[in-house]
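J.: Sharing a structure, written as structure tokens. Questions coming.
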Amino acid sequence: MASSSSLLLILATALVLATSFAQLTPDFYSESCPGVFPAVRSQIGIALEKEKRMGASLVRMFFHDCFVNGCDGSLLLDDTPTFIGEKRAGPNMNSVRGFEVIDAIKAAVEEVCPGVVSCADIIAIAARDSVVELGGPNWDVKLGRRDATTASQALANTSIPAPTSNLTKLISSFAVQGLSVQDMVALSGAHTIGQARCTTFRNHIYSESNIDGFFAGTRQAYCPPSNGTGDNNLAPLDIETPNFFDNSYYKDLIAKRGLLHSDQELFNGGSTDSQVSEYSENSDSFYADFVAAMIKMGDIKPLTGYDGEVRKNCRVVN
């Protein structure tokens, strides 16, 4: 009987430890790598000093990583002769950028505590630090993710909503990830920073009516109407303050100055108009909901415990 009781106690203890080990927490590296945050922050400062747009790119990288099999760093894996990653998927190719910044951060973190911090967690911290560096809100990033050893180009092609998406498609794409309509509108506010390529907004500025005429004209000056001409020409997603994280994006939408079709869908006589109006008038409300949504997105299907690995090089499996 004593033997059985001891066995039950051991099993119960193991279950508790496994459960706690599997949960993300802001203090995951408090003992194993307390220097991770200064190391990441330093490299973000260097990257954004060179190019402010990189901050938006790193936030977008977090989004594109989390929407494909969860926040597991699979987006970072390079193609090899025997492995197809996600970088060449339609929504990512010639679009997602900042991989060299992640490389630099990983190298800096490895100097402080080798083999401890996952690439998936580095993306999450880099996204937060980029928002803060550009004047946005701060939050405690939940950590403890491990890195995937696989990737899915097919899922990347179908899971990430396109800039041509209508409101129904946007809502459903986020719902599949466990994110609400409020989360979707708040996360879309990341478009208050960064730029987009002509090919992603050409049809909106030439063929659609729910756009301010003068604004469309200014965008047309840098985005020719013919496909294949000027496709990679850039325009700011937020025409007012493209390098500052604020609520101007929502003010742009109310003025019909959303650059992407999917942007303007958020304020186009639909169910999300009232939330856009609220954020345009109350930056604190936007910041609070954005932070909550970023944390919630970071919880999408993380690999924890003994699943996955901690990559030595973010571009390849160990």
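Ligands are numbered from 1 in the order shown, residues from 1 within each chain, and chains are lettered A, B, ... in the order they appear in the structure tokens.
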Using only C-alpha atoms, which protein or nucleic acid residues come within 12 Å of Gly228 in chain A? Drop anything in the same chain fewer than 6 positions from it, and give the result as a ChimeraX atom specification.

T.: /A:197-199,202

J.: Please provide the set of residues having any atom within 12 Å of Ser95 in chain A, restricted to only C-alpha atoms, with same-chain residues fewer than 6 positions apart removed, written as a PyMOL selection string.

T.: chain A and resi 56-58+60-61+64+86-89+162+194-200+231-232+234

J.: Restricting it to all heavy atoms, dump the selection as a compact mmCIF listing (two decimals), in the first residue's frame.

T.:
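The file below, out_11.txt, is the result:
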# COMPACT_ATOMS: atom_id res chain seq x y z
N ALA A 56 8.44 47.77 -37.82
CA ALA A 56 7.18 47.25 -38.33
C ALA A 56 7.38 45.86 -38.92
O ALA A 56 6.52 44.97 -38.78
CB ALA A 56 6.61 48.19 -39.39
N SER A 57 8.50 45.66 -39.59
CA SER A 57 8.78 44.36 -40.21
C SER A 57 8.88 43.25 -39.16
O SER A 57 8.44 42.12 -39.39
CB SER A 57 10.07 44.43 -41.02
OG SER A 57 9.96 45.37 -42.08
N LEU A 58 9.45 43.55 -38.01
CA LEU A 58 9.60 42.55 -36.96
C LEU A 58 8.27 42.24 -36.28
O LEU A 58 8.01 41.09 -35.89
CB LEU A 58 10.64 43.01 -35.94
CG LEU A 58 12.07 43.08 -36.50
CD1 LEU A 58 13.01 43.75 -35.51
CD2 LEU A 58 12.59 41.69 -36.87
N ARG A 60 5.44 42.37 -37.87
CA ARG A 60 4.77 41.58 -38.89
C ARG A 60 5.31 40.15 -38.93
O ARG A 60 4.57 39.19 -39.15
CB ARG A 60 4.96 42.24 -40.26
CG ARG A 60 4.16 41.62 -41.38
CD ARG A 60 4.01 42.61 -42.52
NE ARG A 60 3.33 42.00 -43.65
CZ ARG A 60 3.95 41.54 -44.74
NH1 ARG A 60 5.27 41.62 -44.82
NH2 ARG A 60 3.27 41.02 -45.73
N MET A 61 6.60 39.99 -38.70
CA MET A 61 7.19 38.66 -38.65
C MET A 61 6.54 37.81 -37.55
O MET A 61 6.24 36.62 -37.76
CB MET A 61 8.69 38.75 -38.40
CG MET A 61 9.39 37.40 -38.35
SD MET A 61 11.13 37.52 -37.86
CE MET A 61 11.84 38.26 -39.34
N HIS A 64 3.10 36.70 -38.82
CA HIS A 64 3.18 35.66 -39.85
C HIS A 64 3.68 34.33 -39.27
O HIS A 64 3.30 33.27 -39.77
CB HIS A 64 4.09 36.12 -40.99
CG HIS A 64 3.40 37.05 -41.95
ND1 HIS A 64 3.43 36.87 -43.31
CD2 HIS A 64 2.67 38.16 -41.74
CE1 HIS A 64 2.74 37.84 -43.90
NE2 HIS A 64 2.27 38.64 -42.96
N GLU A 86 8.84 28.21 -45.06
CA GLU A 86 7.70 29.10 -45.29
C GLU A 86 8.09 30.43 -45.94
O GLU A 86 7.23 31.22 -46.33
CB GLU A 86 7.01 29.37 -43.95
CG GLU A 86 6.41 28.12 -43.33
CD GLU A 86 6.05 28.29 -41.85
OE1 GLU A 86 6.05 29.45 -41.36
OE2 GLU A 86 5.81 27.27 -41.18
N LYS A 87 9.38 30.68 -46.09
CA LYS A 87 9.81 31.98 -46.58
C LYS A 87 9.37 32.28 -48.00
O LYS A 87 9.18 33.43 -48.37
CB LYS A 87 11.34 32.09 -46.47
CG LYS A 87 11.86 32.20 -45.05
CD LYS A 87 13.37 32.34 -44.99
CE LYS A 87 13.85 32.51 -43.56
NZ LYS A 87 15.32 32.61 -43.47
N ARG A 88 9.19 31.21 -48.80
CA ARG A 88 8.80 31.40 -50.20
C ARG A 88 7.30 31.23 -50.41
O ARG A 88 6.83 31.20 -51.56
CB ARG A 88 9.59 30.44 -51.09
CG ARG A 88 11.08 30.75 -51.11
CD ARG A 88 11.85 29.76 -51.99
NE ARG A 88 11.42 29.82 -53.38
CZ ARG A 88 11.81 30.74 -54.27
NH1 ARG A 88 12.66 31.69 -53.91
NH2 ARG A 88 11.37 30.72 -55.51
N ALA A 89 6.55 31.15 -49.34
CA ALA A 89 5.09 31.15 -49.46
C ALA A 89 4.64 32.52 -49.98
O ALA A 89 5.31 33.53 -49.78
CB ALA A 89 4.44 30.86 -48.11
N ALA A 162 -4.90 37.95 -46.88
CA ALA A 162 -4.31 38.77 -47.94
C ALA A 162 -4.76 40.22 -47.80
O ALA A 162 -5.80 40.51 -47.19
CB ALA A 162 -4.73 38.23 -49.30
N GLY A 194 5.24 51.26 -40.61
CA GLY A 194 5.65 50.42 -41.73
C GLY A 194 5.14 50.90 -43.07
O GLY A 194 4.46 51.92 -43.20
N GLN A 195 5.50 50.14 -44.10
CA GLN A 195 5.16 50.47 -45.47
C GLN A 195 4.67 49.23 -46.21
O GLN A 195 4.87 48.10 -45.76
CB GLN A 195 6.40 51.05 -46.18
CG GLN A 195 6.96 52.28 -45.51
CD GLN A 195 8.14 52.86 -46.29
OE1 GLN A 195 7.99 53.28 -47.43
NE2 GLN A 195 9.31 52.89 -45.65
N ALA A 196 4.03 49.48 -47.34
CA ALA A 196 3.54 48.39 -48.18
C ALA A 196 3.99 48.61 -49.62
O ALA A 196 4.24 49.73 -50.04
CB ALA A 196 2.01 48.31 -48.11
N ARG A 197 4.06 47.51 -50.36
CA ARG A 197 4.48 47.58 -51.76
C ARG A 197 3.29 47.90 -52.67
O ARG A 197 2.16 47.51 -52.40
CB ARG A 197 5.10 46.25 -52.19
CG ARG A 197 6.39 45.89 -51.44
CD ARG A 197 6.95 44.56 -51.95
NE ARG A 197 6.00 43.49 -51.74
CZ ARG A 197 5.82 42.47 -52.60
NH1 ARG A 197 6.52 42.42 -53.72
NH2 ARG A 197 4.95 41.52 -52.32
N CYS A 198 3.59 48.60 -53.74
CA CYS A 198 2.57 49.01 -54.71
C CYS A 198 1.67 47.86 -55.13
O CYS A 198 0.45 48.02 -55.25
CB CYS A 198 3.27 49.63 -55.92
SG CYS A 198 2.25 49.89 -57.38
N THR A 199 2.24 46.69 -55.34
CA THR A 199 1.45 45.56 -55.81
C THR A 199 0.35 45.14 -54.84
O THR A 199 -0.65 44.54 -55.25
CB THR A 199 2.38 44.35 -56.09
OG1 THR A 199 1.62 43.31 -56.69
CG2 THR A 199 3.03 43.83 -54.81
N THR A 200 0.49 45.52 -53.56
CA THR A 200 -0.51 45.13 -52.56
C THR A 200 -1.66 46.13 -52.46
O THR A 200 -2.70 45.79 -51.90
CB THR A 200 0.13 44.98 -51.17
OG1 THR A 200 0.62 46.27 -50.73
CG2 THR A 200 1.25 43.98 -51.18
N ASP A 231 6.11 47.61 -59.04
CA ASP A 231 5.45 46.74 -58.06
C ASP A 231 6.03 46.87 -56.66
O ASP A 231 5.30 46.73 -55.66
CB ASP A 231 5.54 45.28 -58.50
CG ASP A 231 4.61 44.95 -59.66
OD1 ASP A 231 3.87 45.85 -60.08
OD2 ASP A 231 4.63 43.79 -60.11
N ASN A 232 7.32 47.10 -56.55
CA ASN A 232 7.98 47.15 -55.25
C ASN A 232 8.13 48.56 -54.69
O ASN A 232 8.78 48.74 -53.66
CB ASN A 232 9.35 46.47 -55.33
CG ASN A 232 9.23 44.97 -55.57
OD1 ASN A 232 8.33 44.32 -55.04
ND2 ASN A 232 10.12 44.42 -56.37
N LEU A 234 7.34 51.63 -52.54
CA LEU A 234 6.77 51.61 -51.19
C LEU A 234 5.94 52.86 -50.87
O LEU A 234 6.21 53.94 -51.39
CB LEU A 234 7.90 51.49 -50.17
CG LEU A 234 8.74 50.21 -50.22
CD1 LEU A 234 9.93 50.32 -49.28
CD2 LEU A 234 7.90 48.98 -49.89

J.: Between A:Phe215, A:Tyr306, A:Phe174, A:Tyr222, which residue has the minimum interatomic distance to Leu253 in chain A, considering only C-alpha atoms?

T.: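 Of A:Phe215, A:Tyr306, A:Phe174, A:Tyr222, the one nearest Leu253 in chain A is A:Phe215, counting only C-alpha atoms.
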
J.: For range 275-292 of chain A, please output as number ranges by chain all residues within 8 Å (counting only C-alpha atoms; exclusion window: fewer than 2 positions along the same chain).

T.: A: 136-139, 182-183, 185-187, 189, 246-251, 253-254, 266-267, 272-273, 294-296

J.: Next, dump the selected residues to file, keeping only C-alpha atoms, as a PDB file, in the first residue's frame.

T.:
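Ended up saving to result11.pdb:
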ATOM      1  CA  GLY A 136       4.130  52.438 -28.460  1.00  0.00           C
ATOM      2  CA  PRO A 137       2.997  50.609 -25.317  1.00  0.00           C
ATOM      3  CA  ASN A 138       5.099  48.207 -23.272  1.00  0.00           C
ATOM      4  CA  TRP A 139       4.062  44.813 -21.917  1.00  0.00           C
ATOM      5  CA  GLN A 182     -11.780  43.014 -31.282  1.00  0.00           C
ATOM      6  CA  ASP A 183      -8.371  41.327 -31.393  1.00  0.00           C
ATOM      7  CA  VAL A 185      -9.124  45.307 -35.257  1.00  0.00           C
ATOM      8  CA  ALA A 186      -6.597  46.022 -32.497  1.00  0.00           C
ATOM      9  CA  LEU A 187      -3.824  43.978 -34.133  1.00  0.00           C
ATOM     10  CA  GLY A 189      -3.418  48.867 -35.677  1.00  0.00           C
ATOM     11  CA  ASP A 246       0.088  55.760 -32.298  1.00  0.00           C
ATOM     12  CA  ASN A 247      -3.601  55.675 -33.238  1.00  0.00           C
ATOM     13  CA  SER A 248      -3.291  57.677 -36.474  1.00  0.00           C
ATOM     14  CA  TYR A 249      -4.018  54.558 -38.503  1.00  0.00           C
ATOM     15  CA  TYR A 250      -7.618  54.586 -37.291  1.00  0.00           C
ATOM     16  CA  LYS A 251      -7.977  58.292 -38.039  1.00  0.00           C
ATOM     17  CA  LEU A 253      -9.473  54.873 -41.944  1.00  0.00           C
ATOM     18  CA  ILE A 254     -12.233  57.292 -40.920  1.00  0.00           C
ATOM     19  CA  LEU A 266     -12.427  47.900 -41.064  1.00  0.00           C
ATOM     20  CA  PHE A 267     -14.281  51.187 -41.588  1.00  0.00           C
ATOM     21  CA  THR A 272     -16.120  47.115 -36.898  1.00  0.00           C
ATOM     22  CA  ASP A 273     -16.795  50.809 -37.622  1.00  0.00           C
ATOM     23  CA  MET A 294      -0.484  40.599 -28.859  1.00  0.00           C
ATOM     24  CA  ILE A 295      -0.254  38.500 -25.705  1.00  0.00           C
ATOM     25  CA  LYS A 296      -3.186  36.380 -26.845  1.00  0.00           C
TER      26      LYS A 296
END

J.: When you draw a straight line from CA of Ala104 in chain A to CA of Gly135 in chain A, how long is it in Å?

T.: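 The value is 22.7 Å.
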
J.: Show me, as JSON, numbers by chain, the residues that have an atom within 12 Å of Leu143 in chain A when counting only C-alpha atoms, minus same-chain residues fewer than 4 positions from it.

T.: {"A": [21, 22, 23, 24, 25, 26, 27, 28, 29, 30, 33, 36, 37, 71, 72, 116, 117, 118, 119, 120, 121, 122, 123, 124, 125, 295, 298, 299, 302, 303, 304, 305]}

J.: Put those residues in a file: C-alpha atoms, as a JSON list (two decimals), in the first residue's frame.

T.:
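The result, stored in out_25.json:
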[["chain", "number", "residue", "atom", "x", "y", "z"],
["A", 21, "PHE", "CA", 6.68, 23.56, -17.41],
["A", 22, "ALA", "CA", 4.33, 23.79, -20.40],
["A", 23, "GLN", "CA", 2.94, 27.23, -19.56],
["A", 24, "LEU", "CA", 4.39, 30.44, -20.95],
["A", 25, "THR", "CA", 5.43, 33.00, -18.35],
["A", 26, "PRO", "CA", 7.19, 36.38, -18.44],
["A", 27, "ASP", "CA", 9.86, 35.20, -15.99],
["A", 28, "PHE", "CA", 10.73, 31.99, -17.84],
["A", 29, "TYR", "CA", 14.38, 33.07, -18.26],
["A", 30, "SER", "CA", 14.74, 34.90, -14.95],
["A", 33, "CYS", "CA", 19.13, 33.85, -18.94],
["A", 36, "VAL", "CA", 18.12, 38.12, -22.63],
["A", 37, "PHE", "CA", 16.12, 41.35, -22.52],
["A", 71, "CYS", "CA", 4.37, 30.85, -32.58],
["A", 72, "ASP", "CA", 7.17, 28.37, -33.11],
["A", 116, "VAL", "CA", 18.91, 28.60, -23.69],
["A", 117, "VAL", "CA", 16.63, 31.06, -25.52],
["A", 118, "SER", "CA", 14.53, 29.87, -28.44],
["A", 119, "CYS", "CA", 14.25, 31.69, -31.74],
["A", 120, "ALA", "CA", 10.45, 31.71, -31.31],
["A", 121, "ASP", "CA", 10.83, 33.68, -28.07],
["A", 122, "ILE", "CA", 13.33, 36.03, -29.72],
["A", 123, "ILE", "CA", 10.72, 36.96, -32.34],
["A", 124, "ALA", "CA", 8.17, 37.67, -29.60],
["A", 125, "ILE", "CA", 10.55, 39.89, -27.61],
["A", 295, "ILE", "CA", -0.25, 38.50, -25.70],
["A", 298, "GLY", "CA", 1.62, 34.87, -28.65],
["A", 299, "ASP", "CA", -0.27, 32.04, -26.94],
["A", 302, "PRO", "CA", 3.37, 27.21, -28.63],
["A", 303, "LEU", "CA", 5.75, 24.28, -28.41],
["A", 304, "THR", "CA", 6.74, 23.86, -24.77],
["A", 305, "GLY", "CA", 8.29, 21.38, -22.40]]

J.: Between A:Ser165, A:Asn203, A:Thr158, A:Ser180, which is the closest to Pro224 in chain A once you count only C-alpha atoms?

T.: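 Answer, going by the shortest atom-to-atom distance: A:Asn203.
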
J.: Can you work out which one of A:Asn166, A:Ser32, A:Gln43, A:Asn94 has the shortest atom-to-atom distance to Gly270 in chain A, counting only C-alpha atoms?

T.: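 Using only C-alpha atoms, Gly270 in chain A sits closest to A:Asn166.
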
J.: So which bits of range 39-185 of chain A end up alpha helix (DSSP H) when you DSSP the backbone, as JSON, numbers by chain?

T.: {"A": [39, 40, 41, 42, 43, 44, 45, 46, 47, 48, 49, 50, 53, 54, 55, 56, 57, 58, 59, 60, 61, 62, 63, 64, 65, 66, 99, 100, 101, 102, 103, 104, 105, 106, 107, 108, 109, 110, 111, 112, 119, 120, 121, 122, 123, 124, 125, 126, 127, 128, 129, 130, 131, 132, 133, 153, 154, 155, 156, 157, 158, 159, 167, 168, 169, 170, 171, 172, 173, 174, 175, 176, 181, 182, 183, 184, 185]}

J.: Among range 42-249 of chain A, which residues carry a DSSP assignment of strand (DSSP E or B), reported as a list in words?

T.: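 DSSP-assigned strand (DSSP E or B) residues in range 42-249 of chain A: Thr80, Phe83, Leu143, Arg146, Asp147, Gln195, Ala196, Arg197, Leu234, Ala235 and Pro236 of chain A.
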
J.: From the list A:Cys223, A:Ala216, A:Ala47, A:Ile193, which residue is nearest Ala126 in chain A when using only C-alpha atoms?

T.: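 Ranked by minimum distance to Ala126 in chain A, first place goes to A:Ala47.
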